[in-house]
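Undergrad: Contents of final04.csv (CSV, C-alpha atoms) are below:
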```csv
chain,number,residue,atom,x,y,z
L,1,MET,CA,153.0,140.8,62.8
L,2,ILE,CA,149.8,139.3,61.7
L,3,SER,CA,148.8,138.9,58.1
L,4,PRO,CA,145.0,138.9,58.2
L,5,THR,CA,144.4,138.1,54.6
L,6,ALA,CA,142.7,134.8,54.3
L,7,ASP,CA,143.6,133.8,50.8
L,8,GLU,CA,147.3,134.5,50.9
L,9,SER,CA,148.2,130.9,50.0
L,10,ALA,CA,146.9,129.0,47.1
L,11,GLY,CA,147.3,125.8,49.1
L,12,HIS,CA,144.9,124.0,51.3
L,13,PRO,CA,142.5,126.1,53.4
L,14,ALA,CA,144.2,124.8,56.5
L,15,SER,CA,147.5,126.3,55.4
L,16,GLY,CA,145.8,129.7,55.3
L,17,LEU,CA,144.8,129.5,58.9
L,18,ASN,CA,146.8,131.8,61.3
L,19,ASP,CA,148.0,129.9,64.3
L,20,ILE,CA,147.8,133.0,66.6
L,21,VAL,CA,144.0,133.3,65.9
L,22,HIS,CA,143.2,129.6,65.2
L,23,GLN,CA,144.4,128.2,68.5
L,24,ARG,CA,141.3,127.0,70.4
L,25,VAL,CA,141.5,129.2,73.5
L,26,ARG,CA,142.6,132.3,71.6
L,27,LEU,CA,139.8,131.8,69.1
L,28,GLY,CA,137.4,131.7,72.0
L,29,ILE,CA,138.9,134.8,73.5
L,30,LEU,CA,138.5,136.7,70.3
L,31,THR,CA,135.0,135.4,69.7
L,32,ILE,CA,133.8,136.4,73.1
L,33,ALA,CA,135.6,139.8,73.1
L,34,ARG,CA,133.9,140.5,69.8
L,35,GLU,CA,130.5,140.6,71.5
L,36,SER,CA,131.0,143.6,73.7
L,37,PRO,CA,133.3,146.7,74.0
L,38,ARG,CA,135.3,144.9,76.7
L,39,VAL,CA,135.1,141.7,78.6
L,40,GLU,CA,136.3,140.7,82.0
L,41,PHE,CA,139.1,138.1,82.7
L,42,THR,CA,136.9,136.0,85.0
L,43,TYR,CA,134.1,135.9,82.4
L,44,LEU,CA,136.5,134.6,79.8
L,45,ARG,CA,137.9,132.0,82.2
L,46,THR,CA,134.5,130.7,83.1
L,47,ASN,CA,133.2,130.5,79.6
L,48,LEU,CA,136.4,129.0,78.1
L,49,GLU,CA,136.9,126.6,81.0
L,50,VAL,CA,140.7,127.3,81.3
L,51,SER,CA,142.9,128.0,84.2
L,52,ALA,CA,143.9,131.6,85.0
L,53,GLY,CA,147.5,130.9,84.1
L,54,ASN,CA,146.6,129.4,80.8
L,55,LEU,CA,144.2,132.2,80.0
L,56,SER,CA,146.9,134.8,80.9
L,57,GLN,CA,149.4,133.1,78.6
L,58,HIS,CA,147.0,133.2,75.6
L,59,LEU,CA,146.0,136.8,76.3
L,60,GLY,CA,149.7,137.7,76.2
L,61,VAL,CA,150.1,136.2,72.8
L,62,LEU,CA,147.1,138.1,71.5
L,63,GLU,CA,148.2,141.3,73.1
L,64,ASN,CA,151.7,141.0,71.6
L,65,ALA,CA,150.1,140.4,68.2
L,66,GLY,CA,148.1,143.6,68.6
L,67,LEU,CA,144.8,141.8,68.4
L,68,ILE,CA,143.6,142.8,71.9
L,69,THR,CA,144.3,145.4,74.5
L,70,ILE,CA,144.4,144.5,78.2
L,71,GLU,CA,143.4,147.0,80.8
L,72,LYS,CA,143.8,146.6,84.6
L,73,GLY,CA,141.5,148.4,87.0
L,74,TYR,CA,139.1,148.1,89.8
L,75,ALA,CA,135.4,147.4,90.2
L,76,GLY,CA,134.9,148.7,93.7
L,77,LYS,CA,137.7,147.2,95.7
L,78,ARG,CA,138.3,144.2,93.4
L,79,ALA,CA,141.1,144.2,90.9
L,80,ARG,CA,139.8,143.5,87.5
L,81,THR,CA,141.4,142.8,84.1
L,82,TRP,CA,139.5,143.9,81.0
L,83,VAL,CA,140.1,142.7,77.5
L,84,ALA,CA,139.1,144.5,74.4
L,85,LEU,CA,139.4,143.5,70.7
L,86,THR,CA,141.4,145.9,68.5
L,87,ALA,CA,140.5,146.7,64.9
L,88,ALA,CA,143.3,144.3,63.9
L,89,GLY,CA,141.8,141.6,66.1
L,90,ARG,CA,138.4,142.1,64.5
L,91,THR,CA,140.0,141.8,61.0
L,92,ALA,CA,142.0,138.7,62.0
L,93,LEU,CA,139.0,137.0,63.4
L,94,ALA,CA,137.0,137.8,60.3
L,95,ALA,CA,139.8,136.3,58.2
L,96,GLU,CA,139.8,133.1,60.3
L,97,ILE,CA,136.1,132.7,59.9
L,98,THR,CA,136.4,133.2,56.1
L,99,GLN,CA,139.1,130.5,56.0
L,100,LEU,CA,137.1,128.1,58.3
L,101,LYS,CA,134.1,128.5,56.0
L,102,LEU,CA,136.3,127.6,53.0
L,103,LEU,CA,137.5,124.6,54.8
L,104,ILE,CA,134.0,123.5,55.8
L,105,SER,CA,132.6,124.0,52.3
L,106,GLN,CA,135.5,122.0,50.9
L,107,ILE,CA,134.7,119.1,53.3
L,108,GLU,CA,130.9,119.3,52.6
L,109,ALA,CA,131.4,119.4,48.8
L,110,ASP,CA,133.0,116.0,49.4
L,111,GLN,CA,130.1,114.6,51.4
L,112,THR,CA,129.1,112.3,48.5
L,113,SER,CA,132.0,110.0,49.5
L,114,PRO,CA,131.0,107.2,51.9
L,115,GLY,CA,130.6,108.5,55.5
Q,1,MET,CA,141.3,109.1,74.4
Q,2,ILE,CA,139.3,111.3,72.2
Q,3,SER,CA,135.8,112.4,73.1
Q,4,PRO,CA,134.2,113.1,69.7
Q,5,THR,CA,130.9,114.5,70.9
Q,6,ALA,CA,130.6,118.1,70.0
Q,7,ASP,CA,128.2,119.3,72.6
Q,8,GLU,CA,129.8,117.8,75.7
Q,9,SER,CA,130.2,121.2,77.3
Q,10,ALA,CA,127.5,123.7,77.9
Q,11,GLY,CA,130.1,126.5,77.7
Q,12,HIS,CA,131.3,128.6,74.7
Q,13,PRO,CA,131.6,126.7,71.4
Q,14,ALA,CA,135.4,127.2,71.5
Q,15,SER,CA,135.5,125.2,74.8
Q,16,GLY,CA,134.0,122.3,72.9
Q,17,LEU,CA,136.8,122.2,70.4
Q,18,ASN,CA,139.2,119.3,70.7
Q,19,ASP,CA,142.8,120.5,70.6
Q,20,ILE,CA,144.0,117.3,68.9
Q,21,VAL,CA,141.7,117.8,66.0
Q,22,HIS,CA,141.5,121.6,66.0
Q,23,GLN,CA,145.3,122.4,65.7
Q,24,ARG,CA,145.8,123.9,62.3
Q,25,VAL,CA,148.2,121.3,60.7
Q,26,ARG,CA,146.3,118.4,62.2
Q,27,LEU,CA,143.0,119.8,61.0
Q,28,GLY,CA,144.5,120.0,57.5
Q,29,ILE,CA,145.8,116.4,57.7
Q,30,LEU,CA,142.4,115.1,58.7
Q,31,THR,CA,140.6,117.1,56.0
Q,32,ILE,CA,142.9,116.0,53.3
Q,33,ALA,CA,143.0,112.4,54.4
Q,34,ARG,CA,139.2,112.4,54.4
Q,35,GLU,CA,139.2,112.9,50.6
Q,36,SER,CA,140.7,109.5,49.6
Q,37,PRO,CA,141.3,106.1,51.1
Q,38,ARG,CA,144.9,107.0,51.8
Q,39,VAL,CA,147.2,110.0,51.2
Q,40,GLU,CA,150.9,110.2,50.7
Q,41,PHE,CA,153.2,112.0,53.2
Q,42,THR,CA,154.7,114.3,50.4
Q,43,TYR,CA,151.3,115.3,49.2
Q,44,LEU,CA,150.4,116.4,52.7
Q,45,ARG,CA,153.6,118.2,53.2
Q,46,THR,CA,153.2,120.1,49.9
Q,47,ASN,CA,149.5,121.0,50.5
Q,48,LEU,CA,149.9,122.0,54.1
Q,49,GLU,CA,153.2,123.9,53.5
Q,50,VAL,CA,155.0,122.4,56.6
Q,51,SER,CA,158.4,120.8,57.1
Q,52,ALA,CA,158.8,117.1,57.1
Q,53,GLY,CA,159.7,117.2,60.8
Q,54,ASN,CA,156.7,119.2,61.7
Q,55,LEU,CA,154.4,117.0,59.7
Q,56,SER,CA,155.8,113.8,61.3
Q,57,GLN,CA,155.2,115.3,64.7
Q,58,HIS,CA,151.6,116.0,64.0
Q,59,LEU,CA,151.0,112.7,62.3
Q,60,GLY,CA,152.4,111.1,65.5
Q,61,VAL,CA,149.8,112.9,67.7
Q,62,LEU,CA,147.0,111.8,65.4
Q,63,GLU,CA,148.2,108.2,65.2
Q,64,ASN,CA,148.5,108.0,69.0
Q,65,ALA,CA,145.0,109.3,69.4
Q,66,GLY,CA,143.7,106.6,67.0
Q,67,LEU,CA,142.5,109.1,64.4
Q,68,ILE,CA,144.8,108.0,61.5
Q,69,THR,CA,146.9,105.0,60.6
Q,70,ILE,CA,150.4,105.3,59.1
Q,71,GLU,CA,151.7,102.7,56.7
Q,72,LYS,CA,155.2,102.7,55.3
Q,73,GLY,CA,156.0,101.0,52.0
Q,74,TYR,CA,157.5,101.4,48.6
Q,75,ALA,CA,156.3,102.9,45.3
Q,76,GLY,CA,158.9,101.3,42.9
Q,77,LYS,CA,162.2,101.9,44.7
Q,78,ARG,CA,161.0,105.0,46.6
Q,79,ALA,CA,160.1,104.7,50.3
Q,80,ARG,CA,156.7,106.1,50.8
Q,81,THR,CA,154.5,106.9,53.9
Q,82,TRP,CA,150.8,106.6,53.6
Q,83,VAL,CA,148.2,108.1,55.9
Q,84,ALA,CA,144.6,106.9,56.2
Q,85,LEU,CA,141.8,108.2,58.3
Q,86,THR,CA,140.3,105.8,60.8
Q,87,ALA,CA,136.5,105.7,61.7
Q,88,ALA,CA,137.4,107.5,64.9
Q,89,GLY,CA,139.2,110.1,62.8
Q,90,ARG,CA,136.2,110.6,60.6
Q,91,THR,CA,134.0,111.0,63.6
Q,92,ALA,CA,136.3,113.4,65.4
Q,93,LEU,CA,136.6,115.6,62.2
Q,94,ALA,CA,132.8,115.7,61.9
Q,95,ALA,CA,132.5,116.8,65.5
Q,96,GLU,CA,135.1,119.5,64.9
Q,97,ILE,CA,133.1,120.8,61.9
Q,98,THR,CA,129.9,120.8,63.9
Q,99,GLN,CA,131.6,122.8,66.6
Q,100,LEU,CA,133.1,125.2,64.1
Q,101,LYS,CA,129.7,125.8,62.5
Q,102,LEU,CA,128.3,126.6,65.9
Q,103,LEU,CA,131.0,129.1,66.6
Q,104,ILE,CA,130.6,130.7,63.2
Q,105,SER,CA,126.8,130.9,63.5
Q,106,GLN,CA,127.2,132.5,66.9
Q,107,ILE,CA,129.6,135.1,65.5
Q,108,GLU,CA,127.3,135.8,62.5
Q,109,ALA,CA,124.2,136.1,64.6
Q,110,ASP,CA,126.1,139.0,66.2
Q,111,GLN,CA,126.9,140.7,62.8
Q,112,THR,CA,124.4,143.5,63.6
Q,113,SER,CA,127.1,145.0,66.0
Q,114,PRO,CA,129.4,147.6,64.3
Q,115,GLY,CA,132.0,145.8,62.1
```
Written as structure tokens, how would this file's structure read?

TA:
Amino acid sequence: MISPTADESAGHPASGLNDIVHQRVRLGILTIARESPRVEFTYLRTNLEVSAGNLSQHLGVLENAGLITIEKGYAGKRARTWVALTAAGRTALAAEITQLKLLISQIEADQTSPG
Amino acid sequence: MISPTADESAGHPASGLNDIVHQRVRLGILTIARESPRVEFTYLRTNLEVSAGNLSQHLGVLENAGLITIEKGYAGKRARTWVALTAAGRTALAAEITQLKLLISQIEADQTSPG
């Protein structure tokens, strides 16, 4: 189960990041899936520059967490896999963005130190 | 070897994220280490809410990548481990932040879609 609240911990912003959402490829999947009602597997693979196996693995993690749905079908004679963000996925992505902004603002507040 | 340039890839911002830096605990280590000349192991562990073993593992990854240095010593009779950001670590963290901002701005440019 995902806990999408961003400020659950009083610790460092990084400790409030959710590994399921934060992981690089999964963050990319969620971000791209957010842009349209559904997105095709090949489109994700091309844009995120990952292997089909790697992408499938990360899609499985997100599906198990209830953050996306995966639908298999056909476009003409070609088998296609479609990915769609769930409401929980949208919420989890928003929480990640909130937490990242907190982290960034903390770093930038410290920009007076020698770079 | 780390490639700290943020815009190496013309693909999605997520594909430009560096896994070594982006991983949640390691991003936390680098962010905290950025704030002072050196930071103590226990301080990192408390702030990032991770086990000693987990923290050690991530410190090893960062040290091998040349992003931090690890120094062991004593404070009185107590053994202490100190972590310091290298110049490469500072550059890699800056590249991560640049890439995260790009990702966030891309998501927020799309905020007109139903939330």

Undergrad: Do you know which residues are at most 12 Å from segment 49-53 of chain Q counting all atoms listed in the file, after dropping those on the same chain fewer than 6 positions away, and could you put them as number ranges by chain?

TA: L: 9-17; Q: 24-26, 28-29, 41-43, 59-60, 81

Undergrad: Kindly export the residues of the current selection with C-alpha atoms, as a PDB file, in the frame of the given file.

TA:
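Generated output (result.pdb):
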```
ATOM      1  CA  SER L   9     148.200 130.900  50.000  1.00  0.00           C
ATOM      2  CA  ALA L  10     146.900 129.000  47.100  1.00  0.00           C
ATOM      3  CA  GLY L  11     147.300 125.800  49.100  1.00  0.00           C
ATOM      4  CA  HIS L  12     144.900 124.000  51.300  1.00  0.00           C
ATOM      5  CA  PRO L  13     142.500 126.100  53.400  1.00  0.00           C
ATOM      6  CA  ALA L  14     144.200 124.800  56.500  1.00  0.00           C
ATOM      7  CA  SER L  15     147.500 126.300  55.400  1.00  0.00           C
ATOM      8  CA  GLY L  16     145.800 129.700  55.300  1.00  0.00           C
ATOM      9  CA  LEU L  17     144.800 129.500  58.900  1.00  0.00           C
TER      10      LEU L  17
ATOM     11  CA  ARG Q  24     145.800 123.900  62.300  1.00  0.00           C
ATOM     12  CA  VAL Q  25     148.200 121.300  60.700  1.00  0.00           C
ATOM     13  CA  ARG Q  26     146.300 118.400  62.200  1.00  0.00           C
ATOM     14  CA  GLY Q  28     144.500 120.000  57.500  1.00  0.00           C
ATOM     15  CA  ILE Q  29     145.800 116.400  57.700  1.00  0.00           C
ATOM     16  CA  PHE Q  41     153.200 112.000  53.200  1.00  0.00           C
ATOM     17  CA  THR Q  42     154.700 114.300  50.400  1.00  0.00           C
ATOM     18  CA  TYR Q  43     151.300 115.300  49.200  1.00  0.00           C
ATOM     19  CA  LEU Q  59     151.000 112.700  62.300  1.00  0.00           C
ATOM     20  CA  GLY Q  60     152.400 111.100  65.500  1.00  0.00           C
ATOM     21  CA  THR Q  81     154.500 106.900  53.900  1.00  0.00           C
TER      22      THR Q  81
END
```

Undergrad: Take atom CA of Ala92 of chain Q and atom CA of Val21 of chain Q and report the distance between them in Å, one decimal.

TA: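 Atom CA of Val21 of chain Q lies 7.0 Å from atom CA of Ala92 of chain Q.
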
Undergrad: If you count only C-alpha atoms, which residues fall within 12 Å of segment 100-111 of chain L, apart from same-chain ones fewer than 4 positions away, as a VMD selection string?

TA: (chain L and resid 6 to 7 11 to 18 21 to 22 27 93 to 96 115) or (chain Q and resid 22 24 27 to 28 30 to 36 90 93 to 105 108)

Undergrad: Tell me which of L:Arg38, L:Gln23, L:Ala79, L:Thr86 sits closest to Ala65 of chain L, counting all atoms listed in the file.

TA: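 When distances to Ala65 of chain L are compared using all atoms listed in the file, the smallest one comes from L:Thr86.
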
Undergrad: Could you jot down the atom CA of Ser56 of chain L to atom CA of His58 of chain Q separation for me, Å, one decimal place?

TA: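 Spanning atom CA of Ser56 of chain L to atom CA of His58 of chain Q is a straight-line distance of 25.7 Å.
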
Undergrad: What is the atom CA of Ala88 of chain Q-atom CA of Asp19 of chain Q distance in Å, reported with one decimal?

TA: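 Atom CA of Asp19 of chain Q lies at a distance of 15.2 Å from atom CA of Ala88 of chain Q.
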
Undergrad: Taking only C-alpha atoms into account, which of L:Val39, L:Leu44, L:Ile70, L:Val61 comes nearest chain Q?

TA: L:Leu44

Undergrad: Just checking: using all atoms listed in the file, which residue out of L:Gly89, L:Ile20, L:Arg45, L:Glu40 ends up closest to Gly73 of chain L?

TA: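 Using all atoms listed in the file, the shortest distance to Gly73 of chain L belongs to L:Glu40.
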
Undergrad: From the list L:Glu71, L:Leu48, L:Pro37, L:Arg80, which residue is nearest chain Q when using all atoms listed in the file?

TA: L:Leu48
